[in-house]
Amino acid sequence: MSSRALRQPLSLRLTSNIFLALWCLIAAFPIFWIVVMSFKSPVDAFDSNALNVIFGPATLGVGKGLSLLDIILGVAVIWATIVIAKQTVPSMVKSYSKPGQEWFGWVIGVLVVLVGFLVVFFVVLPAVLNVLNPWFGPLGRDVLGLTTEHYKTVWIDRGFSNNFKNSLIVTTGVVTVSLTVGTLAGYGLARSGSTLAFWILIVALVFRALPHSVLVAGYLPVFINSAEWLAPILGENAPTLYGKPFAVIAVLVAINQPFTIWMLRSFFQNIPAELDEAARVDGCSHFQAFRRVIMPVMWPGVITTGLFSFLLAYNDFLVTALLLDAQNQTMVPAIVGMFNRETTTTDQVVAVAAAVSITAPLIFLVLIFQRQIVSGLTAGAVKG
């Protein structure tokens, strides 16, 4: 079939592009707007004039703003970080990681880029700009109202860093357990042709369809009475799991595990069984063939599934709100609590800054792993 026959009519292309642009605008506008609000004084953040919200005259009037030089160098640092995350990190991980240890290279790469960006953007760049701005005349004068005091308030004064630590504990536990069990179970079910494997998958799908509140209610007596049940083993040191991150990890793994098994099984099915057989001929055991031959091929699928597991744990509200006490609360319920209080406009902008804070890590992860995500989704969608 010729390319001319496959070419879309101009009217269809225009309509498609208009709807795509409209969708992008509708989807991106809330994120853009809360980011802008989080850097303004309450007077500017809730001003009825959209231009005042964007340019922040009241914020600028109290001596808090950015010069053109600040904006140019800040955008340059952000752009350089995106380029490094998208191009340099994947190539370096591929070049320097040992076979079968790519995950370790990705962990080191992500941490280096993240820490480097934070140090350069929030420590080095402000110090350099304080020296350069007086020398650049009009380019060094503040033209855009901006303040970071709301981020300092939420992270330092409100203790949001503790909520971030709790979210990190929960998401790390959920992703680790889900991927460990999911890869082993998915591999076994993909290579098994028995009817038992089919019914295991059906049962897993039923558990995935259950409302989250049902699983919380089922586990609740176990967590509340855990100290009594564990006392014969641990004695007086037996913990009460209710209110602790381990309780949330257990419930979220129960919710997420069927999804990871189904998704990873589909990835394993796209890997030819001949690879297993060749590894067995070369002297590998079943587990060695899985670890040394199959898993290196599976990394895009593992990263894609891991990201979905991360999103489930990171964005969960119901389970964390019901099972965690105030000291162990994660970020999402903490932000909901900030918005639900009787607050002033200042407190509301602080809550907006907290909402922006939980969005940034997600964007950062997608930027770094976008190639693996696309590759993994494509591999999982095509069989054969």
# chains A, B, ... in the order shown; residues from 1 in each chain; ligands from 1
$ select_by_dssp --residues "segment 99-237 of chain A" --states "strand (DSSP E or B)" --output "list in words"
Asp142, Val143, Leu144 and Gly145 of chain A
$ write_last_selection --atoms "all heavy atoms" --output "PDB file, in the first residue's frame"
ATOM      1  N   ASP A 142      15.118  42.564  39.767  1.00  0.00           N
ATOM      2  CA  ASP A 142      13.970  41.669  39.914  1.00  0.00           C
ATOM      3  C   ASP A 142      12.816  42.129  39.029  1.00  0.00           C
ATOM      4  O   ASP A 142      12.422  43.304  39.058  1.00  0.00           O
ATOM      5  CB  ASP A 142      13.513  41.624  41.369  1.00  0.00           C
ATOM      6  CG  ASP A 142      14.522  40.931  42.271  1.00  0.00           C
ATOM      7  OD1 ASP A 142      15.387  40.227  41.739  1.00  0.00           O
ATOM      8  OD2 ASP A 142      14.433  41.110  43.504  1.00  0.00           O
ATOM      9  N   VAL A 143      12.264  41.179  38.252  1.00  0.00           N
ATOM     10  CA  VAL A 143      11.143  41.486  37.357  1.00  0.00           C
ATOM     11  C   VAL A 143       9.955  40.555  37.586  1.00  0.00           C
ATOM     12  O   VAL A 143       8.856  40.815  37.098  1.00  0.00           O
ATOM     13  CB  VAL A 143      11.584  41.384  35.880  1.00  0.00           C
ATOM     14  CG1 VAL A 143      12.625  42.442  35.550  1.00  0.00           C
ATOM     15  CG2 VAL A 143      12.123  39.991  35.552  1.00  0.00           C
ATOM     16  N   LEU A 144      10.157  39.472  38.311  1.00  0.00           N
ATOM     17  CA  LEU A 144       9.106  38.469  38.535  1.00  0.00           C
ATOM     18  C   LEU A 144       9.045  38.130  40.017  1.00  0.00           C
ATOM     19  O   LEU A 144      10.034  37.684  40.601  1.00  0.00           O
ATOM     20  CB  LEU A 144       9.387  37.208  37.712  1.00  0.00           C
ATOM     21  CG  LEU A 144       8.347  36.082  37.793  1.00  0.00           C
ATOM     22  CD1 LEU A 144       7.036  36.523  37.136  1.00  0.00           C
ATOM     23  CD2 LEU A 144       8.872  34.812  37.118  1.00  0.00           C
ATOM     24  N   GLY A 145       7.888  38.373  40.639  1.00  0.00           N
ATOM     25  CA  GLY A 145       7.739  38.078  42.052  1.00  0.00           C
ATOM     26  C   GLY A 145       7.801  36.592  42.327  1.00  0.00           C
ATOM     27  O   GLY A 145       7.092  35.801  41.697  1.00  0.00           O
TER      28      GLY A 145
END
$ residues_around --residues "Pro245 of chain A" --least-positions-apart "6" --cutoff "7 Å" --atoms "only C-alpha atoms" --output "PyMOL selection string"
chain A and resi 170+324+328
$ closest_residue --among "A:Ala231, A:Leu125, A:Ala360, A:Ala355" --to "Gly74 of chain A" --atoms "only C-alpha atoms"
A:Leu125
$ atom_distance --atom1 "atom CA of Thr345 of chain A" --atom2 "atom CA of Pro42 of chain A"
5.8 Å
$ residues_around --residues "segment 114-118 of chain A" --least-positions-apart "4" --cutoff "9 Å" --atoms "only C-alpha atoms" --output "list in words"
Val77, Ile78, Thr81, Gly109, Val110, Phe122, Val123 and Phe364 of chain A
$ atom_distance --atom1 "atom CA of Leu252 of chain A" --atom2 "atom CA of Leu230 of chain A"
21.9 Å
$ select_by_dssp --residues "segment 158-266 of chain A" --states "alpha helix (DSSP H)" --output "MDAnalysis selection string"
chainID A and resid 160:191 195:209 212:224 226:234 245:266
$ write_last_selection --atoms "C-alpha atoms" --output "compact mmCIF listing (two decimals), in the first residue's frame"
# COMPACT_ATOMS: atom_id res chain seq x y z
CA PHE A 160 6.68 17.56 55.94
CA SER A 161 10.12 15.97 55.66
CA ASN A 162 8.94 13.32 58.14
CA ASN A 163 5.93 12.59 55.90
CA PHE A 164 8.31 12.29 52.95
CA LYS A 165 10.45 9.80 54.89
CA ASN A 166 7.37 7.73 55.72
CA SER A 167 6.27 7.76 52.07
CA LEU A 168 9.75 6.63 51.05
CA ILE A 169 9.61 3.72 53.51
CA VAL A 170 6.18 2.61 52.31
CA THR A 171 6.90 2.92 48.58
CA THR A 172 10.30 1.18 48.87
CA GLY A 173 8.76 -1.71 50.80
CA VAL A 174 5.82 -2.11 48.40
CA VAL A 175 7.96 -1.95 45.25
CA THR A 176 10.62 -4.33 46.63
CA VAL A 177 8.18 -7.01 47.81
CA SER A 178 5.87 -6.68 44.79
CA LEU A 179 8.66 -6.97 42.24
CA THR A 180 10.44 -9.80 44.05
CA VAL A 181 7.33 -11.95 44.33
CA GLY A 182 5.95 -10.77 40.98
CA THR A 183 9.02 -11.67 38.93
CA LEU A 184 9.29 -15.17 40.43
CA ALA A 185 5.55 -15.84 40.18
CA GLY A 186 5.22 -14.29 36.72
CA TYR A 187 8.14 -16.33 35.39
CA GLY A 188 6.77 -19.56 36.85
CA LEU A 189 3.25 -18.97 35.51
CA ALA A 190 4.54 -17.91 32.08
CA ARG A 191 6.51 -21.11 31.72
CA THR A 195 -4.64 -25.42 34.29
CA LEU A 196 -3.59 -24.68 37.88
CA ALA A 197 -1.57 -21.70 36.64
CA PHE A 198 -4.67 -20.40 34.85
CA TRP A 199 -6.83 -20.60 37.98
CA ILE A 200 -4.13 -18.93 40.06
CA LEU A 201 -4.25 -16.01 37.65
CA ILE A 202 -8.06 -15.87 37.87
CA VAL A 203 -7.94 -15.85 41.68
CA ALA A 204 -5.32 -13.09 41.56
CA LEU A 205 -7.59 -11.06 39.28
CA VAL A 206 -10.50 -11.47 41.72
CA PHE A 207 -8.35 -10.19 44.59
CA ARG A 208 -7.30 -7.21 42.44
CA ALA A 209 -10.95 -6.34 41.84
CA HIS A 212 -9.43 -1.60 49.10
CA SER A 213 -11.60 -1.09 52.16
CA VAL A 214 -12.39 -4.83 52.22
CA LEU A 215 -8.71 -5.74 52.52
CA VAL A 216 -8.15 -3.06 55.17
CA ALA A 217 -11.06 -4.39 57.24
CA GLY A 218 -9.77 -7.95 56.88
CA TYR A 219 -6.26 -7.10 58.03
CA LEU A 220 -7.32 -4.68 60.79
CA PRO A 221 -7.87 -7.27 63.59
CA VAL A 222 -4.49 -8.83 62.75
CA PHE A 223 -2.66 -5.53 63.07
CA ILE A 224 -4.47 -4.46 66.26
CA SER A 226 -0.34 -8.36 66.60
CA ALA A 227 1.37 -7.69 69.95
CA GLU A 228 -0.58 -10.48 71.64
CA TRP A 229 0.00 -12.93 68.79
CA LEU A 230 3.73 -12.19 68.57
CA ALA A 231 4.30 -12.16 72.34
CA PRO A 232 5.16 -15.90 72.53
CA ILE A 233 7.94 -15.31 69.99
CA LEU A 234 9.21 -11.81 70.79
CA PRO A 245 4.36 1.49 57.95
CA PHE A 246 4.65 -2.32 57.91
CA ALA A 247 0.85 -2.61 58.12
CA VAL A 248 0.39 -0.36 55.08
CA ILE A 249 3.09 -2.22 53.15
CA ALA A 250 1.33 -5.54 53.77
CA VAL A 251 -2.06 -4.24 52.59
CA LEU A 252 -0.71 -2.40 49.54
CA VAL A 253 1.30 -5.46 48.50
CA ALA A 254 -1.88 -7.55 48.76
CA ILE A 255 -3.65 -5.01 46.55
CA ASN A 256 -0.82 -4.60 44.06
CA GLN A 257 0.58 -8.13 43.82
CA PRO A 258 -2.05 -9.52 41.39
CA PHE A 259 -1.37 -6.62 39.02
CA THR A 260 2.42 -7.18 39.08
CA ILE A 261 2.00 -10.92 38.53
CA TRP A 262 -0.30 -10.41 35.54
CA MET A 263 1.88 -7.71 34.00
CA LEU A 264 5.21 -9.48 34.48
CA ARG A 265 3.74 -12.76 33.23
CA SER A 266 2.85 -11.04 29.95
$ residues_around --residues "Ile82 of chain A" --least-positions-apart "4" --cutoff "12 Å" --atoms "only C-alpha atoms" --output "MDAnalysis selection string"
chainID A and resid 75:78 86:89 110 113:114 117 363:370
$ closest_residue --among "A:Pro30, A:Gly243, A:Gly140, A:Pro211" --to "Leu322 of chain A" --atoms "only C-alpha atoms"
A:Gly243
$ closest_residue --among "A:Thr344, A:Val356, A:Ala321, A:Asn17" --to "Phe46 of chain A" --atoms "only C-alpha atoms"
A:Thr344
